[in-house]
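This is target.cif (mmCIF, C-alpha atoms).
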```cif
data_query
#
loop_
_atom_site.label_atom_id
_atom_site.label_comp_id
_atom_site.auth_asym_id
_atom_site.auth_seq_id
_atom_site.Cartn_x
_atom_site.Cartn_y
_atom_site.Cartn_z
CA MET A 1 23.22 56.40 77.25
CA GLU A 2 26.69 58.01 77.02
CA ALA A 3 27.24 58.43 80.80
CA PRO A 4 26.95 54.72 81.80
CA LYS A 5 29.16 53.79 78.83
CA LYS A 6 31.83 56.27 80.01
CA ARG A 7 31.51 55.01 83.60
CA GLY A 8 31.89 51.42 82.39
CA LYS A 9 35.02 52.36 80.45
CA ALA A 10 36.44 54.16 83.50
CA LEU A 11 35.79 51.08 85.61
CA VAL A 12 37.58 48.89 83.06
CA TYR A 13 40.62 51.18 83.09
CA PHE A 14 40.53 51.38 86.89
CA GLY A 15 40.59 47.59 87.03
CA ARG A 16 43.45 47.49 84.56
CA ALA A 17 45.38 50.12 86.53
CA ILE A 18 45.12 47.92 89.64
CA GLN A 19 46.21 44.90 87.59
CA ALA A 20 49.13 46.92 86.23
CA ALA A 21 50.14 47.96 89.76
CA VAL A 22 50.11 44.30 90.87
CA PHE A 23 52.21 43.29 87.87
CA VAL A 24 54.67 46.13 88.51
CA ALA A 25 55.09 44.83 92.05
CA ILE A 26 55.62 41.25 90.80
CA ASN A 27 58.09 42.47 88.16
CA TYR A 28 59.91 44.46 90.84
CA ALA A 29 60.33 41.32 92.90
CA ILE A 30 61.35 39.09 89.95
CA PHE A 31 63.36 41.43 87.76
CA PHE A 32 64.88 43.86 90.26
CA ALA A 33 64.88 42.93 93.94
CA THR A 34 65.75 39.22 93.58
CA PRO A 35 68.61 39.62 91.06
CA ILE A 36 70.08 42.54 93.03
CA LEU A 37 69.92 40.47 96.23
CA LEU A 38 71.41 37.36 94.61
CA PHE A 39 74.21 39.20 92.83
CA SER A 40 75.13 41.33 95.84
CA THR A 41 75.16 38.25 98.12
CA SER A 42 77.45 36.41 95.73
CA GLY A 43 79.70 39.46 95.35
CA LEU A 44 79.06 39.77 91.62
CA LEU A 45 77.09 43.01 91.68
CA THR A 46 78.97 45.67 89.78
CA LEU A 47 77.80 49.17 89.00
CA GLU A 48 77.51 48.17 85.34
CA LEU A 49 75.32 45.18 86.18
CA GLU A 50 73.17 47.22 88.56
CA THR A 51 72.60 49.82 85.82
CA ALA A 52 71.73 47.08 83.33
CA ILE A 53 69.24 45.53 85.76
CA SER A 54 67.65 48.94 86.48
CA ASN A 55 67.38 49.78 82.77
CA TYR A 56 65.88 46.43 81.85
CA PHE A 57 63.50 46.69 84.82
CA LEU A 58 62.28 50.11 83.65
CA VAL A 59 61.68 48.83 80.12
CA ILE A 60 59.89 45.71 81.45
CA VAL A 61 57.66 47.83 83.72
CA SER A 62 56.81 50.28 80.91
CA LEU A 63 55.93 47.50 78.49
CA THR A 64 53.90 45.65 81.14
CA VAL A 65 51.84 48.76 81.92
CA LEU A 66 51.35 49.51 78.23
CA HIS A 67 50.32 45.93 77.52
CA ILE A 68 47.77 45.82 80.35
CA LEU A 69 46.25 49.24 79.66
CA SER A 70 45.78 48.71 75.92
CA LYS A 71 45.11 45.00 75.75
CA GLU A 72 42.72 44.94 72.83
CA HIS A 73 44.71 47.48 70.83
CA ILE A 74 47.58 46.68 68.49
CA ILE A 75 49.87 48.72 70.81
CA GLY A 76 49.05 46.27 73.61
CA ILE A 77 49.99 43.29 71.45
CA ALA A 78 53.17 44.99 70.23
CA SER A 79 54.19 45.82 73.78
CA SER A 80 53.44 42.22 74.81
CA VAL A 81 55.76 40.93 72.08
CA GLY A 82 58.38 43.51 73.06
CA LEU A 83 58.01 42.54 76.72
CA ALA A 84 58.64 38.85 76.01
CA ILE A 85 61.73 39.66 73.94
CA VAL A 86 63.07 42.06 76.58
CA GLN A 87 62.45 39.53 79.38
CA ALA A 88 64.24 36.77 77.47
CA LEU A 89 67.10 39.14 76.63
CA TYR A 90 67.27 40.32 80.24
CA ILE A 91 67.58 36.74 81.52
CA TYR A 92 70.33 36.01 79.00
CA VAL A 93 72.26 39.23 79.59
CA ILE A 94 72.33 39.35 83.37
CA THR A 95 73.30 35.68 83.67
CA GLU A 96 75.98 36.19 81.01
CA GLY A 97 74.46 33.48 78.86
CA GLY A 98 74.27 31.06 81.75
CA GLU A 99 77.90 31.22 82.82
CA LEU A 100 78.88 32.98 86.02
CA THR A 101 82.25 33.06 87.76
CA PHE A 102 82.50 33.54 91.51
CA PRO A 103 85.76 34.30 93.29
CA TYR A 104 86.14 32.36 96.53
CA SER A 105 88.89 32.61 99.09
CA SER A 106 90.04 29.68 101.17
CA PRO A 107 92.78 29.78 103.83
CA THR A 108 94.08 26.39 102.65
CA TYR A 109 93.64 26.60 98.90
CA GLY A 110 94.07 30.35 98.40
CA ASP A 111 92.02 32.16 95.81
CA LEU A 112 89.60 29.90 94.04
CA MET A 113 87.45 30.52 91.01
CA LEU A 114 84.11 28.82 90.79
CA THR A 115 82.56 28.89 87.33
CA LEU A 116 78.95 27.82 87.02
CA LYS A 117 77.42 26.92 83.68
CA PHE A 118 73.67 26.55 83.69
CA GLU A 119 72.55 27.04 80.08
CA PRO A 120 69.70 24.47 80.22
CA ILE A 121 68.04 26.42 83.04
CA ILE A 122 68.54 29.72 81.23
CA TYR A 123 66.96 28.35 78.06
CA LEU A 124 64.06 27.05 80.14
CA MET A 125 63.65 30.48 81.76
CA MET A 126 63.82 32.22 78.38
CA ALA A 127 61.33 29.82 76.85
CA ILE A 128 58.49 30.90 79.16
CA PRO A 129 58.17 34.57 78.02
CA LEU A 130 58.77 33.53 74.41
CA ILE A 131 55.94 30.97 74.56
CA ASN A 132 53.71 33.63 76.10
CA MET A 133 54.64 35.90 73.22
CA VAL A 134 53.64 33.27 70.66
CA LYS A 135 50.38 32.76 72.59
CA GLN A 136 49.63 36.49 72.50
CA ILE A 137 50.27 36.68 68.77
CA SER A 138 48.20 33.55 68.16
CA ASP A 139 45.34 34.96 70.26
CA TYR A 140 45.46 38.27 68.42
CA VAL A 141 45.49 36.66 64.99
CA GLY A 142 42.65 34.33 66.04
CA ARG A 143 40.62 37.25 67.42
CA SER A 144 41.12 39.34 64.25
CA SER A 145 40.03 36.55 61.92
CA ALA A 146 36.96 35.79 64.10
CA GLN A 147 35.82 39.45 64.09
CA PRO A 148 32.18 39.58 62.93
CA ILE A 149 31.45 41.69 59.86
CA GLU A 150 29.21 44.54 60.84
CA MET A 151 26.21 44.93 58.53
CA VAL A 152 25.31 48.54 58.03
CA GLU A 153 22.04 49.52 56.54
CA VAL A 154 22.47 52.12 53.85
CA VAL A 155 19.63 54.48 53.68
CA GLU A 156 19.32 56.01 50.32
CA GLY A 157 18.09 59.55 50.22
CA MET B 1 27.03 37.42 78.78
CA ALA B 2 28.37 34.05 77.66
CA GLY B 3 32.17 33.56 78.03
CA VAL B 4 34.18 33.39 74.83
CA GLU B 5 35.88 30.01 74.54
CA GLN B 6 39.61 30.22 73.95
CA PRO B 7 40.95 28.61 70.76
CA LEU B 8 42.72 25.28 71.12
CA THR B 9 46.14 26.70 70.22
CA SER B 10 45.81 29.33 72.92
CA LYS B 11 44.93 26.67 75.48
CA GLY B 12 47.87 24.58 74.32
CA PHE B 13 50.32 27.47 74.73
CA ARG B 14 48.88 28.25 78.14
CA PHE B 15 49.33 24.64 79.32
CA LEU B 16 52.83 24.56 77.85
CA SER B 17 53.71 27.78 79.63
CA ILE B 18 52.28 26.56 82.95
CA GLY B 19 54.05 23.22 82.53
CA LEU B 20 57.38 24.90 81.83
CA THR B 21 56.95 27.26 84.78
CA ILE B 22 56.22 24.35 87.14
CA THR B 23 59.21 22.40 85.73
CA LEU B 24 61.45 25.44 86.11
CA LEU B 25 60.32 26.10 89.68
CA LEU B 26 60.78 22.45 90.70
CA THR B 27 64.20 22.33 89.01
CA ILE B 28 65.34 25.55 90.68
CA LEU B 29 64.07 24.41 94.08
CA THR B 30 65.74 21.01 93.92
CA LEU B 31 68.94 22.52 92.52
CA ALA B 32 68.95 25.18 95.23
CA TYR B 33 68.52 22.47 97.86
CA SER B 34 71.32 20.35 96.34
CA ALA B 35 73.58 23.37 95.92
CA TYR B 36 72.97 24.51 99.49
CA GLU B 37 73.62 21.08 101.00
CA ASN B 38 76.71 20.44 98.91
CA PHE B 39 78.10 23.95 99.16
CA ALA B 40 77.81 23.81 102.97
CA TYR B 41 79.70 20.50 102.88
CA ILE B 42 82.39 21.72 100.48
CA SER B 43 82.79 25.03 102.36
CA LYS B 44 83.73 23.04 105.43
CA TYR B 45 86.59 21.59 103.36
CA LEU B 46 87.67 24.80 101.72
CA TYR B 47 87.20 27.35 104.43
CA LEU B 48 87.36 25.63 107.78
CA ASP B 49 90.09 23.27 106.57
CA GLU B 50 88.37 20.20 107.99
CA SER B 51 89.39 18.19 104.99
CA PRO B 52 91.20 14.94 105.67
CA ALA B 53 92.77 15.35 102.21
CA GLN B 54 96.52 15.09 102.24
CA LEU B 55 99.10 16.46 99.89
CA SER B 56 102.41 14.67 99.82
CA ILE B 57 105.36 15.02 97.50
CA ASN B 58 108.37 12.85 96.89
CA GLY B 59 111.01 12.98 94.21
CA THR B 60 108.91 11.28 91.58
CA HIS B 61 105.26 11.87 92.47
CA LEU B 62 102.89 14.34 94.02
CA THR B 63 99.92 12.69 95.62
CA PHE B 64 96.66 14.33 96.57
CA SER B 65 94.97 11.66 98.62
CA ASN B 66 92.06 10.93 100.88
CA LEU B 67 89.76 13.53 99.38
CA THR B 68 86.33 12.28 100.34
CA VAL B 69 83.35 13.75 98.51
CA ALA B 70 79.78 13.13 99.62
CA ASN B 71 76.79 13.94 97.47
CA ARG B 72 74.12 15.30 99.77
CA GLY B 73 71.85 16.62 97.03
CA VAL B 74 69.20 15.03 94.85
CA TYR B 75 71.06 14.98 91.54
CA PRO B 76 73.97 12.71 90.63
CA TRP B 77 77.38 14.34 90.36
CA SER B 78 80.18 13.64 87.99
CA ILE B 79 83.62 14.84 88.98
CA VAL B 80 86.88 15.07 87.10
CA LEU B 81 89.84 16.28 89.14
CA ALA B 82 92.90 17.49 87.25
CA GLY B 83 96.17 18.92 88.49
CA GLU B 84 99.36 20.44 87.17
CA VAL B 85 102.54 21.06 89.15
CA LEU B 86 104.76 23.97 88.24
CA LEU B 87 108.06 25.23 89.55
CA GLN B 88 108.28 28.85 88.50
CA GLU B 89 107.02 28.50 84.93
CA VAL B 90 108.38 25.02 84.38
CA LYS B 91 105.81 22.25 84.27
CA LEU B 92 106.83 19.29 86.38
CA GLY B 93 103.86 17.09 85.67
CA SER B 94 100.14 16.84 85.22
CA ALA B 95 97.42 14.26 85.59
CA SER B 96 93.68 13.92 85.91
CA THR B 97 91.23 11.39 87.24
CA SER B 98 88.70 9.69 85.05
CA GLU B 99 85.07 10.77 85.38
CA ILE B 100 83.80 9.80 88.81
CA ILE B 101 80.03 9.51 89.22
CA ILE B 102 78.67 10.10 92.71
CA SER B 103 75.01 9.23 93.20
CA PRO B 104 72.88 11.05 95.78
CA ASN B 105 73.76 10.05 99.37
CA GLU B 106 76.94 8.37 98.19
CA LEU B 107 80.44 9.04 99.47
CA LYS B 108 83.55 8.48 97.37
CA ARG B 109 87.24 8.84 97.97
CA ILE B 110 89.31 10.55 95.32
CA ASP B 111 93.07 10.21 94.93
CA LEU B 112 95.15 11.97 92.32
CA THR B 113 98.79 11.11 91.66
CA LEU B 114 100.88 13.36 89.47
CA PRO B 115 104.20 12.08 88.13
CA LEU B 116 106.98 14.64 88.53
CA ASP B 117 109.76 15.14 86.04
CA PHE B 118 112.57 17.46 87.12
CA THR B 119 114.55 17.15 83.86
CA GLN B 120 113.57 20.65 82.70
CA VAL B 121 114.52 22.07 86.10
CA TYR B 122 117.96 20.49 85.94
CA ARG B 123 118.46 21.93 82.46
CA ASP B 124 117.65 25.47 83.54
CA TYR B 125 120.81 26.80 85.21
CA ASN B 126 119.02 29.35 87.41
CA LEU B 127 116.34 26.93 88.47
CA LEU B 128 118.94 24.30 89.25
CA LYS B 129 120.80 26.83 91.41
CA MET B 130 117.56 27.71 93.14
CA ILE B 131 116.52 24.18 94.01
CA LEU B 132 120.07 23.28 95.10
CA PHE B 133 120.57 26.17 97.51
CA ASN B 134 117.29 27.96 98.25
CA ASN B 135 113.88 27.19 99.64
CA THR B 136 111.36 27.58 96.89
CA PHE B 137 107.70 27.04 96.16
CA ALA B 138 106.04 24.79 93.65
CA SER B 139 102.45 25.38 92.77
CA LEU B 140 99.76 22.81 92.29
CA LYS B 141 97.12 24.16 89.96
CA PHE B 142 93.98 22.12 90.19
CA VAL B 143 90.63 22.07 88.45
CA ALA B 144 87.62 20.20 89.70
CA ASN B 145 84.96 19.89 87.03
CA VAL B 146 81.68 19.00 88.64
CA LYS B 147 78.43 18.33 86.81
CA LEU B 148 75.10 18.28 88.53
CA GLN B 149 73.57 16.22 85.80
CA PRO B 150 71.94 17.42 83.63
CA PHE B 151 71.50 21.08 84.58
CA ILE B 152 74.64 22.64 86.01
CA ALA B 153 78.33 22.32 85.25
CA ALA B 154 80.67 23.84 87.78
CA SER B 155 84.38 24.31 87.49
CA LEU B 156 86.47 25.05 90.56
CA LYS B 157 89.98 26.30 89.86
CA GLY B 158 92.60 26.92 92.46
CA THR B 159 96.27 26.89 93.26
CA ARG B 160 97.95 25.35 96.25
CA VAL B 161 101.47 26.37 97.09
CA ILE B 162 103.91 23.67 98.17
CA LYS B 163 107.10 24.59 99.96
CA ILE B 164 110.21 22.90 98.61
CA GLY B 165 113.32 23.09 100.73
CA ALA B 166 116.86 23.39 99.39
CA VAL B 167 118.53 20.22 98.19
CA LEU B 168 121.91 21.19 99.60
CA ASP B 169 120.62 22.97 102.69
CA GLY B 170 123.36 24.14 105.07
CA LEU B 171 126.14 23.00 102.76
CA THR B 172 129.51 23.46 104.47
CA PHE B 173 133.08 22.41 103.79
CA ARG B 174 135.65 22.02 106.54
CA LEU B 175 139.15 20.66 106.73
CA ARG B 176 138.90 17.45 108.71
CA ASN B 177 142.56 16.47 108.94
CA ILE B 178 145.93 16.68 107.24
CA LYS B 179 148.13 13.62 107.23
CA PRO B 180 151.65 13.42 105.87
CA LEU B 181 151.85 11.22 102.82
CA ASN B 182 155.55 11.39 102.23
CA GLU B 183 158.35 13.90 102.70
CA THR B 184 156.94 16.36 100.21
CA HIS B 185 153.18 15.87 100.19
CA VAL B 186 150.26 15.68 102.59
CA LYS B 187 146.81 14.16 102.35
CA ALA B 188 144.10 16.73 103.17
CA GLU B 189 140.64 15.46 103.97
CA ILE B 190 137.81 17.95 103.45
CA GLU B 191 134.44 17.11 104.85
CA MET B 192 131.27 18.26 103.22
CA ASP B 193 127.85 18.06 104.79
CA PHE B 194 124.31 19.19 104.03
CA THR B 195 120.73 18.21 104.68
CA ASN B 196 118.41 17.47 101.80
CA THR B 197 115.31 19.41 102.85
CA SER B 198 113.68 19.03 99.45
CA PRO B 199 111.29 16.25 98.48
CA ILE B 200 113.67 15.26 95.68
CA ALA B 201 116.14 12.42 96.08
CA ILE B 202 119.37 13.93 94.81
CA ASN B 203 121.84 11.85 92.88
CA GLY B 204 124.91 13.34 91.23
CA LEU B 205 128.66 13.53 91.00
CA LEU B 206 130.58 16.29 92.72
CA TYR B 207 133.99 17.31 91.39
CA ALA B 208 136.20 19.52 93.56
CA SER B 209 139.46 21.24 92.73
CA LEU B 210 141.66 23.48 94.80
CA PRO B 211 143.52 26.31 93.04
CA SER B 212 147.08 26.59 94.19
CA ALA B 213 147.84 29.56 96.40
CA LYS B 214 151.34 29.70 95.05
CA GLU B 215 151.13 29.01 91.37
CA ARG B 216 148.70 30.50 88.95
CA ASN B 217 146.76 28.07 86.71
CA LEU B 218 147.64 25.16 88.95
CA ARG B 219 144.78 23.19 90.43
CA TYR B 220 144.74 20.15 92.64
CA ALA B 221 141.84 17.80 91.93
CA ALA B 222 140.22 15.55 94.47
CA SER B 223 138.67 12.23 93.72
CA ARG B 224 135.07 12.68 92.55
CA LEU B 225 132.37 12.20 95.10
CA GLU B 226 129.12 10.38 94.41
CA VAL B 227 126.40 12.27 96.19
CA PHE B 228 123.16 10.48 96.88
CA ALA B 229 120.75 11.87 99.46
CA GLN B 230 117.15 10.97 100.07
CA PRO B 231 114.66 13.63 101.21
CA SER B 232 115.32 14.73 104.82
CA GLN B 233 118.65 12.90 104.82
CA HIS B 234 121.75 14.47 106.39
CA TYR B 235 124.62 13.76 104.06
CA VAL B 236 128.30 13.71 104.95
CA GLY B 237 131.02 13.13 102.35
CA HIS B 238 134.76 13.53 102.12
CA PHE B 239 137.18 14.79 99.49
CA ILE B 240 140.79 13.72 99.59
CA PHE B 241 143.38 16.11 98.17
CA THR B 242 147.04 15.30 97.73
CA LEU B 243 148.89 18.58 98.20
CA PRO B 244 152.46 19.82 98.57
CA GLN B 245 153.32 20.23 102.23
CA ASP B 246 153.55 23.99 102.10
CA GLU B 247 150.34 24.56 100.14
CA LEU B 248 148.06 24.96 103.16
CA ARG B 249 148.71 27.50 105.88
CA ILE B 250 147.00 27.42 109.24
CA GLY B 251 144.41 30.17 109.67
CA ALA B 252 144.08 30.90 105.95
CA TRP B 253 140.88 30.63 103.87
CA TYR B 254 140.93 28.60 100.67
CA GLY B 255 138.47 28.51 97.83
CA LEU B 256 137.20 25.27 96.38
CA GLU B 257 135.99 25.11 92.82
CA LEU B 258 133.05 22.75 92.57
CA LYS B 259 131.16 21.12 89.74
CA PHE B 260 128.00 19.22 90.44
CA ASP B 261 126.98 16.86 87.67
CA ILE B 262 123.31 16.02 88.01
CA PHE B 263 121.98 13.88 85.18
CA ASP B 264 124.56 15.41 82.79
CA ASN B 265 123.59 18.96 83.77
CA ILE B 266 126.49 20.72 85.42
CA TYR B 267 126.27 23.43 88.03
CA GLU B 268 129.51 25.20 89.02
CA TRP B 269 130.25 27.30 92.06
CA ARG B 270 132.92 28.19 94.59
CA ALA B 271 132.97 27.48 98.30
CA ALA B 272 135.46 28.45 100.98
CA PHE B 273 136.97 26.55 103.88
CA LYS B 274 139.36 27.51 106.62
CA VAL B 275 142.52 25.66 107.53
#
```
Please express the file's structure as structure tokens.
Amino acid sequence: MEAPKKRGKALVYFGRAIQAAVFVAINYAIFFATPILLFSTSGLLTLELETAISNYFLVIVSLTVLHILSKEHIIGIASSVGLAIVQALYIYVITEGGELTFPYSSPTYGDLMLTLKFEPIIYLMMAIPLINMVKQISDYVGRSSAQPIEMVEVVEG
Amino acid sequence: MAGVEQPLTSKGFRFLSIGLTITLLLTILTLAYSAYENFAYISKYLYLDESPAQLSINGTHLTFSNLTVANRGVYPWSIVLAGEVLLQEVKLGSASTSEIIISPNELKRIDLTLPLDFTQVYRDYNLLKMILFNNTFASLKFVANVKLQPFIAASLKGTRVIKIGAVLDGLTFRLRNIKPLNETHVKAEIEMDFTNTSPIAINGLLYASLPSAKERNLRYAASRLEVFAQPSQHYVGHFIFTLPQDELRIGAWYGLELKFDIFDNIYEWRAAFKV
């Protein structure tokens, strides 16, 4: 009875490990490769920014893996909440609150400064992980309150 | 095993999240398309200098004209163009356009005229000296505030340098002729010429006096000369001095003391001429 149960558990964790690997790859593309490419193309990539992106990426990856591996556990929920907050914070920090300044050089007009303000898009981007966070909490609370009460027969000696 | 149905709130959050993601993706895609199309168009202006925009300056106004802007994206633009002209640190003038809305696939022409006031320049002795005798540079600082409604606001700041030539470029004095007036005195005619290479129309009074070579503290004054020269104009004027016959010697250099009164601001200097 114990062996199939253990095998089933191993299969579940194997499946979750694959899911985690897929999510790590997606996170790498969204939270590391794309920002690095965009910032280096626009000439805004500094060592400081690159370090910030790497650090945030590591935290996001760790929390993602933790969330996927311990989904039904409180640690999984906590890491999911942490992940949403870190993602929202990451979006805000690396875009400098939705205001970026690009230097641009023109032979006719000399050195130009292009400042882009895109707060509405940033808030929209930040809203998605935060809504997911609320969903996770709501699901967890719902699941806890719907937990059946286990009836245990007490055998009196 | 029967599937566990998700609670309604969970479904709602999921739909909200999917809806927001789709909205965000569509917004980013359309913005990226608009930004790419418009940036390619603007780059042609800024980098390849294919702009038909012209910058012209005269004594009273600086005009930035014929700037045509086409909206090739999918969102309407609103543009406000503002400019400020400075000579060194002195502000000569500033102006801005009202908000110009450019709908997708629309082309608009933008003109900006800045009134110029040189009063502060005339009051600053060093600046006055500089614009009278030296080539200098004014700077046009401009800001273009563009809004891709309602998502992005862009602000493009730059400076364009404008060369300003000297007002009294190539100023020279030469003795034109000496005519006897009577037995004791002569009439000396001194010619002055310069080219106004600046964009400013110059208008002032020039006072000249000639210190005596023989007597200290004695000066001979010429009649004042009204100097008025439009931009690019070659100006020629004459001073008439009444001098004792023996005051001027052939081959000698003499120093003129000059005072230029320009809108009640006086600049003084000395200039030499040879007899």
Next on the checklist: Counting only C-alpha atoms, a student should be able to say which residues of chain A come within 6 Å of chain B; what is the right answer, written as a list in words?
Outcome noted: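 Selected residues: Ser106, Tyr109, Leu112, Met113, Leu114, Thr115, Leu116, Lys117, Phe118, Pro120, Ile128 and Lys135 of chain A.
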Item to check | Selection under test: the PyMOL selection byres ((chain A and resi 21-28) around 9); residues as a list in words | outcome: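 When the PyMOL selection byres ((chain A and resi 21-28) around 9) is applied to the shown file, the picked residues are Arg16, Ala17, Ile18, Gln19, Ala20, Ala29, Ile30, Phe31, Phe32, Ala33, Thr34, Phe57, Ile60, Val61, Ser62, Thr64 and Val65 of chain A.
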Checklist entry - Around (149.4, 11.5, 101.5) in the file's frame, which residues reach within 10 Å when counting all atoms listed in the file? Return as number ranges by chain? => result B: 178-189, 240-245
Checklist entry - Suppose you want the space between CA of Ile162 (chain B) and CA of Val80 (chain B); what is it in Å? => result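 Value for the CA of Ile162 (chain B)-CA of Val80 (chain B) distance: 22.1 Å.
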Checklist entry - In Å to one decimal, how far is CA of Val121 (chain B) from CA of Gln88 (chain B)? => result 9.5 Å
Next on the checklist: Expand the PyMOL selection byres ((chain B and resi 64) around 12) into the explicit residue set it covers here, and present it as an MDAnalysis selection string.
Outcome noted: chainID B and resid 51:58 61:63 65:68 81:85 95:97 109:115 140:142 160 162
Next on the checklist: For this structure, which residues satisfy the selection - the PyMOL selection byres ((chain A and resi 71-73) around 12) - when it is evaluated on the file as given? I want them as a list in words.
Outcome noted: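 In the shown coordinates, the PyMOL selection byres ((chain A and resi 71-73) around 12) covers Val12, Tyr13, Arg16, Ala17, Gln19, Ala20, Leu63, Thr64, Val65, Leu66, His67, Ile68, Leu69, Ser70, Ile74, Ile75, Gly76, Ile77, Ala78, Ser79, Ser80, Val81, Gln136, Ile137, Asp139, Tyr140, Val141, Arg143 and Ser144 of chain A.
For the pair CA of Leu206 (chain B) and CA of Thr136 (chain B), the interatomic distance is 22.7 Å.
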Item to check | Shell of 12 Å around region 232-234 of chain B, all atoms listed in the file, local chain residues under 4 positions omitted, as a VMD selection string | outcome: chain B and resid 58 to 59 164 to 171 192 to 202 227 to 228
Fewer than 5 positions away in the same chain doesn't count, so skip those; otherwise give me all residues within 7 Å of region 30-40 of chain B, counting all atoms listed in the file, as a PDB file with C-alpha atoms, in the coordinates of the input.
```pdb
ATOM      1  CA  ASN B  71      76.790  13.940  97.470  1.00  0.00           C
ATOM      2  CA  ARG B  72      74.120  15.300  99.770  1.00  0.00           C
ATOM      3  CA  GLY B  73      71.850  16.620  97.030  1.00  0.00           C
ATOM      4  CA  VAL B  74      69.200  15.030  94.850  1.00  0.00           C
TER       5      VAL B  74
END
```
For region 242-259 of chain B, what centre and edge lengths in Å (one decimal) does the axis-aligned box get once 8 Å is added on each side of all its listed atoms, as lines of an AutoDock Vina configuration file?
```
center_x = 142.4
center_y = 23.1
center_z = 99.7
size_x = 38.4
size_y = 31.6
size_z = 35.9
```
Item to check | Residue contacts of Asp264 (chain B) (9 Å, all atoms listed in the file) excluding same-chain residues fewer than 2 positions away, as a list in words | outcome: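 Within the cut-off, the hits are Tyr122, Arg123, Gly204, Asp261, Ile262 and Ile266 of chain B.
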